[in-house]
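As provided, coords14.cif (mmCIF, C-alpha atoms and all ligand atoms) reads as follows.
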data_model
loop_
_atom_site.label_atom_id
_atom_site.label_comp_id
_atom_site.auth_asym_id
_atom_site.auth_seq_id
_atom_site.Cartn_x
_atom_site.Cartn_y
_atom_site.Cartn_z
CA MET A 1 -71.49 -14.60 -44.17
CA PHE A 2 -69.92 -13.17 -47.29
CA PRO A 3 -66.45 -11.63 -47.42
CA THR A 4 -66.07 -7.86 -47.99
CA PRO A 5 -67.48 -7.05 -51.43
CA ILE A 6 -64.98 -6.52 -54.23
CA PRO A 7 -64.93 -2.85 -55.34
CA VAL A 8 -66.02 -2.17 -58.90
CA SER A 9 -65.02 0.98 -60.77
CA LEU A 10 -66.76 2.08 -63.91
CA LEU A 11 -64.57 3.83 -66.47
CA THR A 12 -66.61 5.80 -68.94
CA GLY A 13 -66.09 8.74 -71.28
CA PHE A 14 -66.85 9.69 -74.84
CA LEU A 15 -65.36 7.88 -77.85
CA GLY A 16 -61.61 8.34 -78.06
CA SER A 17 -61.38 10.37 -74.87
CA GLY A 18 -58.56 8.25 -73.44
CA LYS A 19 -60.20 5.43 -71.46
CA THR A 20 -57.89 2.64 -72.65
CA THR A 21 -54.83 4.87 -72.22
CA LEU A 22 -55.88 5.51 -68.63
CA LEU A 23 -56.64 1.84 -68.03
CA ASN A 24 -53.11 0.93 -69.11
CA GLN A 25 -51.74 3.21 -66.42
CA LEU A 26 -54.17 1.93 -63.79
CA ILE A 27 -53.30 -1.72 -64.27
CA ARG A 28 -49.63 -0.93 -63.75
CA GLN A 29 -50.48 0.50 -60.35
CA LEU A 30 -53.16 -2.06 -59.53
CA PRO A 31 -52.02 -5.33 -61.06
CA ARG A 32 -54.50 -7.37 -59.02
CA SER A 33 -57.46 -5.94 -60.95
CA ALA A 34 -59.89 -7.85 -63.12
CA ILE A 35 -60.67 -5.88 -66.27
CA ILE A 36 -63.94 -6.07 -68.16
CA MET A 37 -63.81 -4.31 -71.51
CA ASN A 38 -66.91 -3.59 -73.52
CA GLU A 39 -66.45 -3.10 -77.23
CA PHE A 40 -69.02 -2.26 -79.85
CA GLY A 41 -67.94 -4.43 -82.74
CA GLU A 42 -68.22 -8.20 -83.02
CA ILE A 43 -64.45 -8.26 -83.16
CA GLY A 44 -63.13 -6.03 -80.41
CA LEU A 45 -59.92 -4.13 -80.96
CA ASP A 46 -59.60 -2.07 -77.80
CA HIS A 47 -58.28 -4.96 -75.71
CA GLN A 48 -55.39 -5.27 -78.17
CA LEU A 49 -54.38 -1.77 -77.08
CA LEU A 50 -54.34 -2.93 -73.48
CA GLN A 51 -50.93 -3.79 -72.14
CA LYS A 52 -50.36 -7.14 -70.51
CA THR A 53 -52.13 -7.41 -67.20
CA ASP A 54 -51.56 -9.87 -64.37
CA GLY A 55 -55.25 -9.90 -63.52
CA PRO A 56 -58.02 -11.57 -65.51
CA LEU A 57 -59.43 -9.86 -68.59
CA ALA A 58 -62.97 -10.40 -69.88
CA LEU A 59 -64.44 -8.96 -73.07
CA LEU A 60 -68.04 -8.04 -73.69
CA SER A 61 -68.17 -7.62 -77.45
CA GLY A 62 -70.89 -7.17 -80.03
CA GLY A 63 -72.83 -4.31 -78.49
CA CYS A 64 -73.03 -1.73 -75.80
CA ILE A 65 -72.91 -2.80 -72.16
CA CYS A 66 -75.84 -0.56 -71.30
CA CYS A 67 -78.20 -2.11 -73.85
CA THR A 68 -77.46 -5.11 -76.10
CA VAL A 69 -74.93 -6.87 -73.89
CA VAL A 70 -76.11 -5.75 -70.44
CA GLY A 71 -77.28 -9.33 -69.76
CA SER A 72 -73.69 -10.55 -70.15
CA LEU A 73 -72.29 -8.48 -67.32
CA SER A 74 -73.75 -10.55 -64.54
CA PRO A 75 -72.53 -13.96 -65.88
CA THR A 76 -69.14 -12.40 -66.60
CA LEU A 77 -68.78 -11.20 -63.00
CA LYS A 78 -70.00 -14.59 -61.73
CA ASN A 79 -67.54 -16.48 -63.94
CA LEU A 80 -64.65 -14.27 -62.81
CA PHE A 81 -65.54 -14.75 -59.16
CA MET A 82 -66.01 -18.53 -59.42
CA ALA A 83 -62.89 -19.08 -61.53
CA SER A 84 -60.84 -17.07 -59.07
CA SER A 85 -62.32 -18.95 -56.07
CA ARG A 86 -61.37 -22.25 -57.72
CA GLY A 87 -57.85 -20.98 -58.37
CA GLU A 88 -58.27 -21.22 -62.16
CA ILE A 89 -57.37 -17.54 -62.62
CA PRO A 90 -55.37 -15.19 -60.40
CA GLN A 91 -57.15 -13.74 -57.40
CA PHE A 92 -58.24 -10.15 -57.94
CA GLU A 93 -59.07 -7.41 -55.48
CA ARG A 94 -61.01 -5.00 -57.68
CA VAL A 95 -62.86 -4.88 -60.99
CA ILE A 96 -62.53 -2.10 -63.54
CA ILE A 97 -65.17 -1.99 -66.27
CA GLU A 98 -64.31 0.05 -69.34
CA THR A 99 -67.51 0.91 -71.17
CA THR A 100 -67.96 1.88 -74.80
CA GLY A 101 -67.79 5.61 -75.47
CA ILE A 102 -71.54 6.11 -75.39
CA ALA A 103 -72.62 3.83 -72.55
CA ASP A 104 -75.21 4.86 -70.01
CA PRO A 105 -74.03 3.76 -66.55
CA ALA A 106 -77.48 3.17 -65.05
CA PRO A 107 -78.18 -0.37 -66.36
CA ILE A 108 -74.69 -1.40 -65.27
CA LEU A 109 -75.30 -0.14 -61.76
CA ASP A 110 -78.66 -1.90 -61.84
CA THR A 111 -76.85 -5.24 -62.31
CA LEU A 112 -74.50 -4.46 -59.41
CA ILE A 113 -77.28 -3.53 -57.02
CA ASN A 114 -80.32 -5.56 -57.92
CA GLU A 115 -78.87 -9.00 -58.57
CA ARG A 116 -78.51 -10.47 -55.12
CA TRP A 117 -75.69 -12.88 -55.90
CA ILE A 118 -73.67 -10.08 -57.49
CA ALA A 119 -74.59 -7.46 -54.88
CA ALA A 120 -73.33 -9.75 -52.10
CA ARG A 121 -69.91 -10.02 -53.70
CA PHE A 122 -69.33 -6.79 -55.64
CA GLN A 123 -69.89 -3.15 -54.77
CA LEU A 124 -69.76 -0.01 -56.91
CA ASN A 125 -66.80 2.04 -55.81
CA SER A 126 -66.48 4.86 -58.35
CA VAL A 127 -67.67 6.18 -61.68
CA VAL A 128 -64.73 7.79 -63.49
CA THR A 129 -65.38 9.79 -66.67
CA THR A 130 -62.69 10.89 -69.11
CA VAL A 131 -63.21 14.13 -71.06
CA ASP A 132 -61.05 15.07 -74.04
CA ALA A 133 -59.55 18.53 -73.47
CA VAL A 134 -59.48 19.20 -77.21
CA LEU A 135 -62.78 17.72 -78.39
CA GLY A 136 -64.74 17.74 -75.12
CA GLU A 137 -66.50 21.08 -75.73
CA GLN A 138 -67.70 19.98 -79.12
CA GLN A 139 -68.79 16.55 -77.85
CA LEU A 140 -70.75 18.12 -75.00
CA ASP A 141 -72.43 20.45 -77.50
CA SER A 142 -73.38 17.63 -79.84
CA TYR A 143 -74.16 14.59 -77.69
CA PHE A 144 -76.36 14.48 -74.64
CA GLU A 145 -74.73 11.11 -73.77
CA ALA A 146 -71.45 12.96 -73.22
CA VAL A 147 -73.20 15.44 -70.91
CA LYS A 148 -74.80 12.61 -68.92
CA GLN A 149 -71.47 10.80 -68.54
CA VAL A 150 -70.05 13.97 -67.00
CA ALA A 151 -73.09 14.49 -64.79
CA VAL A 152 -72.99 11.03 -63.18
CA ALA A 153 -69.22 10.90 -62.51
CA ASP A 154 -67.55 10.71 -59.10
CA ARG A 155 -64.28 11.83 -60.69
CA LEU A 156 -63.73 13.74 -63.94
CA LEU A 157 -60.47 13.29 -65.80
CA LEU A 158 -59.53 15.95 -68.30
CA THR A 159 -57.34 14.09 -70.79
CA LYS A 160 -54.99 15.25 -73.58
CA THR A 161 -54.24 18.51 -71.79
CA ASP A 162 -50.86 18.46 -73.58
CA LEU A 163 -52.73 19.12 -76.84
CA ALA A 164 -55.12 21.85 -75.69
CA ASP A 165 -54.32 25.48 -74.92
CA GLN A 166 -54.63 26.69 -71.36
CA ALA A 167 -57.61 29.00 -72.00
CA ALA A 168 -59.59 26.17 -73.61
CA CYS A 169 -58.77 23.85 -70.69
CA THR A 170 -59.91 26.44 -68.17
CA ALA A 171 -63.17 27.09 -70.03
CA LEU A 172 -63.90 23.36 -70.25
CA GLN A 173 -63.09 22.86 -66.57
CA MET A 174 -65.60 25.58 -65.67
CA ARG A 175 -68.22 23.91 -67.82
CA LEU A 176 -67.57 20.53 -66.19
CA ALA A 177 -67.72 22.05 -62.71
CA THR A 178 -71.12 23.53 -63.54
CA LEU A 179 -72.45 20.24 -64.86
CA ASN A 180 -71.15 18.24 -61.92
CA PRO A 181 -70.10 20.44 -58.99
CA GLY A 182 -69.39 17.51 -56.66
CA ALA A 183 -66.82 15.68 -58.80
CA PRO A 184 -63.17 16.70 -58.50
CA ILE A 185 -61.59 17.43 -61.92
CA ILE A 186 -58.14 15.94 -62.42
CA THR A 187 -56.03 16.80 -65.45
CA VAL A 188 -54.07 13.94 -67.00
CA GLN A 189 -51.64 13.45 -69.81
CA HIS A 190 -51.31 10.07 -71.45
CA GLY A 191 -53.37 8.53 -68.67
CA GLN A 192 -50.82 9.27 -65.97
CA VAL A 193 -52.66 9.63 -62.71
CA ASP A 194 -52.39 8.30 -59.19
CA ALA A 195 -54.98 5.52 -59.04
CA ALA A 196 -55.75 6.42 -55.42
CA LEU A 197 -57.05 9.81 -56.58
CA ILE A 198 -59.68 8.41 -58.87
CA LEU A 199 -60.75 5.05 -57.51
CA ASN A 200 -62.31 4.53 -54.08
CA ALA A 201 -64.78 7.40 -54.53
CA GLY A 202 -67.65 5.44 -53.03
CA LEU A 203 -68.98 5.85 -49.54
CA TYR A 204 -66.82 3.00 -48.29
CA ASP A 205 -63.11 3.14 -49.04
CA PRO A 206 -61.79 -0.44 -49.14
CA SER A 207 -58.18 0.71 -48.78
CA SER A 208 -58.72 2.58 -45.51
CA LYS A 209 -61.77 0.45 -44.53
CA THR A 210 -63.61 3.63 -43.51
CA SER A 211 -66.55 5.70 -44.72
CA ASP A 212 -66.09 9.42 -45.40
CA VAL A 213 -69.63 10.59 -45.97
CA ASN A 214 -68.81 14.31 -46.26
CA LYS A 215 -66.31 13.66 -49.03
CA TRP A 216 -68.74 11.32 -50.76
CA LEU A 217 -71.68 13.71 -50.55
CA ASN A 218 -69.74 16.95 -51.15
CA ALA A 219 -72.98 18.83 -50.40
CA SER A 220 -71.31 22.22 -49.97
CA HIS A 221 -70.53 22.26 -53.70
CA TYR A 222 -74.21 22.26 -54.65
CA ARG A 223 -76.52 25.26 -54.69
CA PRO A 224 -79.78 25.03 -52.80
CA ALA A 225 -82.74 23.98 -54.99
CA ALA A 226 -84.30 27.45 -54.83
CA ALA A 227 -81.18 29.06 -56.32
CA THR A 228 -80.91 26.89 -59.41
CA THR A 229 -83.36 28.34 -61.89
CA LEU A 230 -80.47 29.70 -63.94
CA ILE A 231 -77.07 28.14 -63.53
CA GLY A 232 -73.92 27.86 -65.52
CA ARG A 233 -72.79 29.91 -68.39
CA PRO A 234 -75.19 31.99 -70.48
CA ARG A 235 -77.64 30.00 -72.55
CA ALA A 236 -75.65 29.89 -75.73
CA GLU A 237 -77.21 27.94 -78.58
CA GLU A 238 -74.45 25.34 -78.51
CA ALA A 239 -74.76 24.70 -74.77
CA VAL A 240 -78.33 23.52 -75.17
CA HIS A 241 -77.58 20.13 -73.56
CA ASP A 242 -75.96 21.74 -70.51
CA ASN A 243 -79.09 23.78 -69.97
CA ARG A 244 -81.02 20.56 -69.47
CA ILE A 245 -78.86 19.59 -66.47
CA ARG A 246 -79.46 20.91 -62.98
CA SER A 247 -77.50 20.07 -59.84
CA PHE A 248 -78.73 21.22 -56.47
CA SER A 249 -79.03 20.37 -52.80
CA VAL A 250 -82.12 20.03 -50.63
CA THR A 251 -81.81 20.21 -46.84
CA PHE A 252 -84.25 19.60 -44.01
CA ALA A 253 -83.70 20.68 -40.44
CA GLU A 254 -86.32 18.45 -38.83
CA PRO A 255 -86.02 14.64 -38.70
CA LEU A 256 -87.77 13.07 -41.69
CA GLU A 257 -90.44 10.43 -41.95
CA TRP A 258 -88.85 7.52 -43.83
CA MET A 259 -92.09 6.50 -45.52
CA GLY A 260 -92.54 10.02 -46.92
CA ILE A 261 -88.99 10.19 -48.28
CA TYR A 262 -89.24 6.67 -49.67
CA ALA A 263 -92.57 7.45 -51.39
CA ALA A 264 -91.23 10.70 -52.92
CA LEU A 265 -88.09 8.98 -54.21
CA GLN A 266 -90.09 6.04 -55.57
CA MET A 267 -92.29 8.48 -57.50
CA LEU A 268 -89.24 10.17 -58.99
CA LEU A 269 -87.53 6.86 -59.74
CA SER A 270 -90.64 5.35 -61.32
CA PHE A 271 -91.89 8.25 -63.37
CA ARG A 272 -88.80 10.39 -64.00
CA ALA A 273 -86.04 7.75 -64.02
CA LYS A 274 -84.37 9.09 -67.15
CA SER A 275 -84.25 12.55 -65.61
CA LEU A 276 -82.83 11.55 -62.24
CA LEU A 277 -79.20 11.14 -63.20
CA ARG A 278 -77.86 10.87 -59.66
CA MET A 279 -78.98 11.40 -56.08
CA LYS A 280 -76.98 11.03 -52.86
CA ALA A 281 -78.16 11.84 -49.37
CA ILE A 282 -77.43 11.62 -45.69
CA VAL A 283 -80.74 11.60 -43.88
CA ASN A 284 -81.86 12.11 -40.30
CA LEU A 285 -84.83 9.75 -39.99
CA LYS A 286 -87.37 10.06 -37.23
CA GLY A 287 -86.75 7.57 -34.45
CA LYS A 288 -83.12 6.86 -35.45
CA ASP A 289 -80.00 8.22 -33.73
CA LYS A 290 -77.71 7.30 -36.57
CA PRO A 291 -77.74 8.73 -40.09
CA THR A 292 -79.04 6.82 -43.09
CA VAL A 293 -77.34 7.17 -46.46
CA LEU A 294 -79.23 6.94 -49.72
CA HIS A 295 -77.94 6.74 -53.26
CA ALA A 296 -79.88 6.51 -56.52
CA VAL A 297 -79.06 6.43 -60.20
CA GLN A 298 -81.99 6.80 -62.58
CA HIS A 299 -84.45 4.01 -61.70
CA VAL A 300 -82.06 2.32 -59.24
CA LEU A 301 -82.22 3.09 -55.51
CA TYR A 302 -79.43 1.51 -53.49
CA PRO A 303 -80.58 -0.22 -50.31
CA PRO A 304 -80.54 2.42 -47.53
CA ALA A 305 -77.52 2.01 -45.26
CA GLU A 306 -77.16 3.13 -41.66
CA LEU A 307 -73.85 4.77 -40.75
CA PRO A 308 -72.29 4.13 -37.33
CA GLU A 309 -72.13 7.89 -36.59
CA TRP A 310 -72.80 11.38 -37.96
CA PRO A 311 -69.83 12.83 -39.85
CA ASP A 312 -70.08 16.27 -38.16
CA GLU A 313 -72.14 18.36 -35.73
CA SER A 314 -74.99 18.95 -38.16
CA ARG A 315 -78.08 16.75 -37.88
CA GLN A 316 -79.64 18.19 -41.03
CA SER A 317 -80.74 15.85 -43.79
CA ARG A 318 -78.78 16.73 -46.91
CA PHE A 319 -79.73 15.55 -50.42
CA VAL A 320 -77.78 16.32 -53.58
CA PHE A 321 -79.39 15.82 -56.99
CA ILE A 322 -78.12 15.89 -60.54
CA VAL A 323 -81.08 15.87 -62.90
CA ALA A 324 -81.90 16.42 -66.56
CA ASP A 325 -85.06 18.18 -67.68
CA MET A 326 -86.39 18.28 -64.15
CA ASP A 327 -87.31 21.21 -61.97
CA ALA A 328 -85.42 21.61 -58.69
CA ASP A 329 -88.45 23.19 -57.00
CA MET A 330 -90.59 20.21 -57.94
CA VAL A 331 -88.10 17.77 -56.36
CA GLN A 332 -87.87 19.81 -53.16
CA HIS A 333 -91.63 20.11 -53.06
CA MET A 334 -92.21 16.38 -53.48
CA LEU A 335 -89.80 15.44 -50.68
CA SER A 336 -91.30 18.05 -48.40
CA GLU A 337 -94.97 17.27 -49.19
CA PHE A 338 -94.62 13.51 -48.86
CA HIS A 339 -92.72 13.88 -45.60
CA SER A 340 -95.41 16.20 -44.22
CA ALA A 341 -98.26 13.96 -45.39
CA TYR A 342 -96.85 10.96 -43.50
CA ALA A 343 -95.59 12.99 -40.51
CA SER A 344 -99.02 14.59 -39.99
CA GLY A 345 -100.89 11.30 -40.35
CA GLN A 346 -102.62 12.40 -43.59
CA LEU A 347 -101.22 9.25 -45.13
CA PRO A 348 -101.05 6.14 -42.90
CA ILE A 349 -97.68 4.57 -42.22
CA PRO A 350 -97.64 0.81 -42.94
CA ALA A 351 -96.66 -1.53 -40.10
CA ASP A 352 -93.12 -2.00 -41.43
CA PRO A 353 -92.32 0.95 -43.68
CA ALA A 354 -88.78 -0.23 -44.48
CA SER A 355 -89.96 -3.48 -46.05
N1 LIG B 1 -51.48 13.52 -76.86
C1 LIG B 1 -52.24 12.74 -76.09
N2 LIG B 1 -52.86 11.69 -76.65
C2 LIG B 1 -53.64 10.92 -75.85
C3 LIG B 1 -53.81 11.20 -74.46
N3 LIG B 1 -54.66 10.27 -73.95
C4 LIG B 1 -54.99 9.46 -74.97
N4 LIG B 1 -54.38 9.84 -76.12
C5 LIG B 1 -54.51 9.23 -77.46
O1 LIG B 1 -55.86 9.36 -77.88
C6 LIG B 1 -56.24 8.23 -78.66
C7 LIG B 1 -57.51 7.61 -78.08
O2 LIG B 1 -57.19 7.11 -76.80
P1 LIG B 1 -57.88 5.81 -76.18
O3 LIG B 1 -57.28 5.58 -74.86
O4 LIG B 1 -57.86 4.68 -77.15
O5 LIG B 1 -59.37 6.35 -76.07
P2 LIG B 1 -60.69 5.49 -75.68
O6 LIG B 1 -61.55 6.41 -74.90
O7 LIG B 1 -60.31 4.20 -75.06
O8 LIG B 1 -61.28 5.26 -77.13
P3 LIG B 1 -62.60 4.36 -77.51
O9 LIG B 1 -62.43 3.04 -76.84
O10 LIG B 1 -62.51 4.31 -79.00
O11 LIG B 1 -63.78 5.12 -77.07
C8 LIG B 1 -55.04 7.29 -78.66
O12 LIG B 1 -54.32 7.50 -79.83
C9 LIG B 1 -54.22 7.74 -77.45
O13 LIG B 1 -52.85 7.50 -77.59
C10 LIG B 1 -53.13 12.33 -73.90
O14 LIG B 1 -53.25 12.69 -72.70
N5 LIG B 1 -52.37 13.06 -74.77
#
Output the structure of this file as structure tokens.
Ligand SMILES: Nc1nc2c(ncn2[C@@H]2O[C@H](COP(=O)(O)OP(=O)(O)OP(=O)(O)O)[C@@H](O)[C@H]2O)c(=O)[nH]1
Amino acid sequence: MFPTPIPVSLLTGFLGSGKTTLLNQLIRQLPRSAIIMNEFGEIGLDHQLLQKTDGPLALLSGGCICCTVVGSLSPTLKNLFMASSRGEIPQFERVIIETTGIADPAPILDTLINERWIAARFQLNSVVTTVDAVLGEQQLDSYFEAVKQVAVADRLLLTKTDLADQAACTALQMRLATLNPGAPIITVQHGQVDAALILNAGLYDPSSKTSDVNKWLNASHYRPAAATTLIGRPRAEEAVHDNRIRSFSVTFAEPLEWMGIYAALQMLLSFRAKSLLRMKAIVNLKGKDKPTVLHAVQHVLYPPAELPEWPDESRQSRFVFIVADMDADMVQHMLSEFHSAYASGQLPIPADPAS
């Protein structure tokens, strides 16, 4: 038996958008946090901007955490855990990973989910993305990485609002809400924010020790797949990256065949991993009274988890997707066709479909 996994929050956001400033505020409120900072250069500087913290601090220097140094994340987490268990460093109750400004969160999540030793002890709790109120528009226009960081966030923090005019802030907020309708947008100045508002965005809230699936899924904020052919603001030249992103929901009234859903998701994850930025779902599976929750990021599908009860009266299966360069109709079609093929016996169900 392992103890409750330690929550891990991923702090991302474009270069200079205020990640370290925010981190300084967070560690004041959450002194028992272990901090992992990823810096591009061989000699990192960012950590020198970090104020003194009571918790342990680890640096991943010399490359980006999502590519060159991704292999270092797992030993770093292991070392922190073991050193804390042996009493060599202070005990910590959460981990905050600050990525470089252009990191892709998927490989980081891959480490957290697919390495068994790590997955038994750590659990992703939130992806927080900072967006610069002054330069954010321009960065979203120029860099698809910035758009993806917004699209995968659980919480969006609009920083430097003291420097931007109100109209620009409002326009940027509308753009962010279009790119990621499910993530609350919180405005911050000099990183000042209540940590409780931005951390604990995962399905399981370690502070209250409860799951709030409706809050996590936020399905009502997403348009149905059929209504998403044209979303967002008009297709201006400079918003070309935004036009590649689609967010939508897919619902099913009838209980679903797990093997069909699993096969459809595996196809998407295997062949369109780069396009599947994020998927969350609460699913009514045939033969099960309780709901199953699913969560995927690019090629990574979290292990399905059964919830103790339905969050409301509805027994519909609800999926929300955030995708890039992928057609909402195609996704809906695949889920529906694979479900039907297995439900009707066209495709045989293996003896133990969950394995
Ligand atoms: N005026 C103002 N300045 C801010 C605010 N937030 C951050 N800054 C400043 O913006 C600059 C960049 O902030 P950082 O926190 O270092 O940004 P970062 O995202 O960690 O930067 P990289 O690690 O280089 O990607 C610093 O000079 C901060 O003091 C804010 O809300 N208002």
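Reported to one decimal place, the separation of atom N3 of ligand LIG 1 (chain B) from CA of Ile97 in chain A is 17.9 Å.
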Go ahead and fit an axis-aligned box to every listed atom of ligand LIG 1 (chain B) plus 5 Å each side, and pass me the centre and edge lengths in Å, one decimal, as JSON.
{"center_x": -57.6, "center_y": 8.3, "center_z": -76.3, "size_x": 22.3, "size_y": 20.5, "size_z": 17.1}
Figure out the distance between CA of Pro184 in chain A and CA of Trp310 in chain A, please, to one decimal in Å.
23.3 Å
Taking only C-alpha atoms and all ligand atoms into account, which residues are within 7 Å of ligand LIG 1 (chain B), as a PyMOL selection string?
chain A and resi 13-22+46+100-101+159-163+188-191
Those selected residues, please, written with C-alpha atoms and delivered as a CSV table (one decimal), in the coordinates of the input.
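Contents of again.csv, freshly written:
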chain,number,residue,atom,x,y,z
A,13,GLY,CA,-66.1,8.7,-71.3
A,14,PHE,CA,-66.8,9.7,-74.8
A,15,LEU,CA,-65.4,7.9,-77.8
A,16,GLY,CA,-61.6,8.3,-78.1
A,17,SER,CA,-61.4,10.4,-74.9
A,18,GLY,CA,-58.6,8.2,-73.4
A,19,LYS,CA,-60.2,5.4,-71.5
A,20,THR,CA,-57.9,2.6,-72.6
A,21,THR,CA,-54.8,4.9,-72.2
A,22,LEU,CA,-55.9,5.5,-68.6
A,46,ASP,CA,-59.6,-2.1,-77.8
A,100,THR,CA,-68.0,1.9,-74.8
A,101,GLY,CA,-67.8,5.6,-75.5
A,159,THR,CA,-57.3,14.1,-70.8
A,160,LYS,CA,-55.0,15.2,-73.6
A,161,THR,CA,-54.2,18.5,-71.8
A,162,ASP,CA,-50.9,18.5,-73.6
A,163,LEU,CA,-52.7,19.1,-76.8
A,188,VAL,CA,-54.1,13.9,-67.0
A,189,GLN,CA,-51.6,13.4,-69.8
A,190,HIS,CA,-51.3,10.1,-71.4
A,191,GLY,CA,-53.4,8.5,-68.7
Residues within 7 Å of Ala273 in chain A, please, as a PyMOL selection string. Count only C-alpha atoms; anything in the same chain fewer than 5 positions from it doesn't count.
chain A and resi 268+298-299
Produce a file of the selected residues containing C-alpha atoms, as a PDB file, in the frame of the given file.
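Result file selection29.pdb:
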ATOM      1  CA  LEU A 268     -89.240  10.170 -58.990  1.00  0.00           C
ATOM      2  CA  GLN A 298     -81.990   6.800 -62.580  1.00  0.00           C
ATOM      3  CA  HIS A 299     -84.450   4.010 -61.700  1.00  0.00           C
TER       4      HIS A 299
END
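Taking all atoms listed in the file into account, the protein, DNA and RNA residues within 10 Å of (-75.7, 14.9, -72.5) read Gln139, Leu140, Asp141, Ser142, Tyr143, Phe144, Glu145, Ala146, Val147, Lys148, Gln149, Val150, Ala151, Leu179, Val240, His241, Asp242, Asn243, Arg244, Ile245 and Ala324 of chain A.
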Keeping only C-alpha atoms, write the selected residues as an mmCIF file, keeping the file's coordinate frame.
data_model
loop_
_atom_site.group_PDB
_atom_site.id
_atom_site.type_symbol
_atom_site.label_atom_id
_atom_site.label_comp_id
_atom_site.auth_asym_id
_atom_site.auth_seq_id
_atom_site.Cartn_x
_atom_site.Cartn_y
_atom_site.Cartn_z
ATOM 1 C CA GLN A 139 -68.790 16.550 -77.850
ATOM 2 C CA LEU A 140 -70.750 18.120 -75.000
ATOM 3 C CA ASP A 141 -72.430 20.450 -77.500
ATOM 4 C CA SER A 142 -73.380 17.630 -79.840
ATOM 5 C CA TYR A 143 -74.160 14.590 -77.690
ATOM 6 C CA PHE A 144 -76.360 14.480 -74.640
ATOM 7 C CA GLU A 145 -74.730 11.110 -73.770
ATOM 8 C CA ALA A 146 -71.450 12.960 -73.220
ATOM 9 C CA VAL A 147 -73.200 15.440 -70.910
ATOM 10 C CA LYS A 148 -74.800 12.610 -68.920
ATOM 11 C CA GLN A 149 -71.470 10.800 -68.540
ATOM 12 C CA VAL A 150 -70.050 13.970 -67.000
ATOM 13 C CA ALA A 151 -73.090 14.490 -64.790
ATOM 14 C CA LEU A 179 -72.450 20.240 -64.860
ATOM 15 C CA VAL A 240 -78.330 23.520 -75.170
ATOM 16 C CA HIS A 241 -77.580 20.130 -73.560
ATOM 17 C CA ASP A 242 -75.960 21.740 -70.510
ATOM 18 C CA ASN A 243 -79.090 23.780 -69.970
ATOM 19 C CA ARG A 244 -81.020 20.560 -69.470
ATOM 20 C CA ILE A 245 -78.860 19.590 -66.470
ATOM 21 C CA ALA A 324 -81.900 16.420 -66.560
#
Check the smallest atom-to-atom distance from each of A:Ala264, A:Leu158, A:Met326, A:Ala281 to Asp132 in chain A using all atoms listed in the file, then report the winner.
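Of A:Ala264, A:Leu158, A:Met326, A:Ala281, the one nearest Asp132 in chain A is A:Leu158, counting all atoms listed in the file.
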Would you mind putting back N, CA and C atoms on range 130-141 of chain A, then writing it out as a compact mmCIF listing (two decimals), in the coordinates of the input?
# COMPACT_ATOMS: atom_id res chain seq x y z
N THR A 130 -63.76 10.15 -68.42
CA THR A 130 -62.69 10.89 -69.11
C THR A 130 -63.33 11.90 -70.08
N VAL A 131 -62.73 13.08 -70.14
CA VAL A 131 -63.21 14.13 -71.06
C VAL A 131 -62.01 14.64 -71.84
N ASP A 132 -62.14 14.64 -73.15
CA ASP A 132 -61.05 15.07 -74.04
C ASP A 132 -60.92 16.59 -74.00
N ALA A 133 -59.73 17.07 -73.61
CA ALA A 133 -59.55 18.53 -73.47
C ALA A 133 -59.68 19.25 -74.81
N VAL A 134 -59.42 18.55 -75.90
CA VAL A 134 -59.48 19.20 -77.21
C VAL A 134 -60.90 19.12 -77.79
N LEU A 135 -61.49 17.92 -77.72
CA LEU A 135 -62.78 17.72 -78.39
C LEU A 135 -63.97 17.75 -77.42
N GLY A 136 -63.68 17.85 -76.13
CA GLY A 136 -64.74 17.74 -75.12
C GLY A 136 -65.85 18.76 -75.31
N GLU A 137 -65.49 20.01 -75.55
CA GLU A 137 -66.50 21.08 -75.73
C GLU A 137 -67.48 20.70 -76.84
N GLN A 138 -66.89 20.31 -77.94
CA GLN A 138 -67.70 19.98 -79.12
C GLN A 138 -68.58 18.75 -78.85
N GLN A 139 -68.01 17.76 -78.14
CA GLN A 139 -68.79 16.55 -77.85
C GLN A 139 -69.95 16.87 -76.90
N LEU A 140 -69.69 17.73 -75.93
CA LEU A 140 -70.75 18.12 -75.00
C LEU A 140 -71.84 18.90 -75.73
N ASP A 141 -71.44 19.70 -76.72
CA ASP A 141 -72.43 20.45 -77.50
C ASP A 141 -73.30 19.51 -78.33
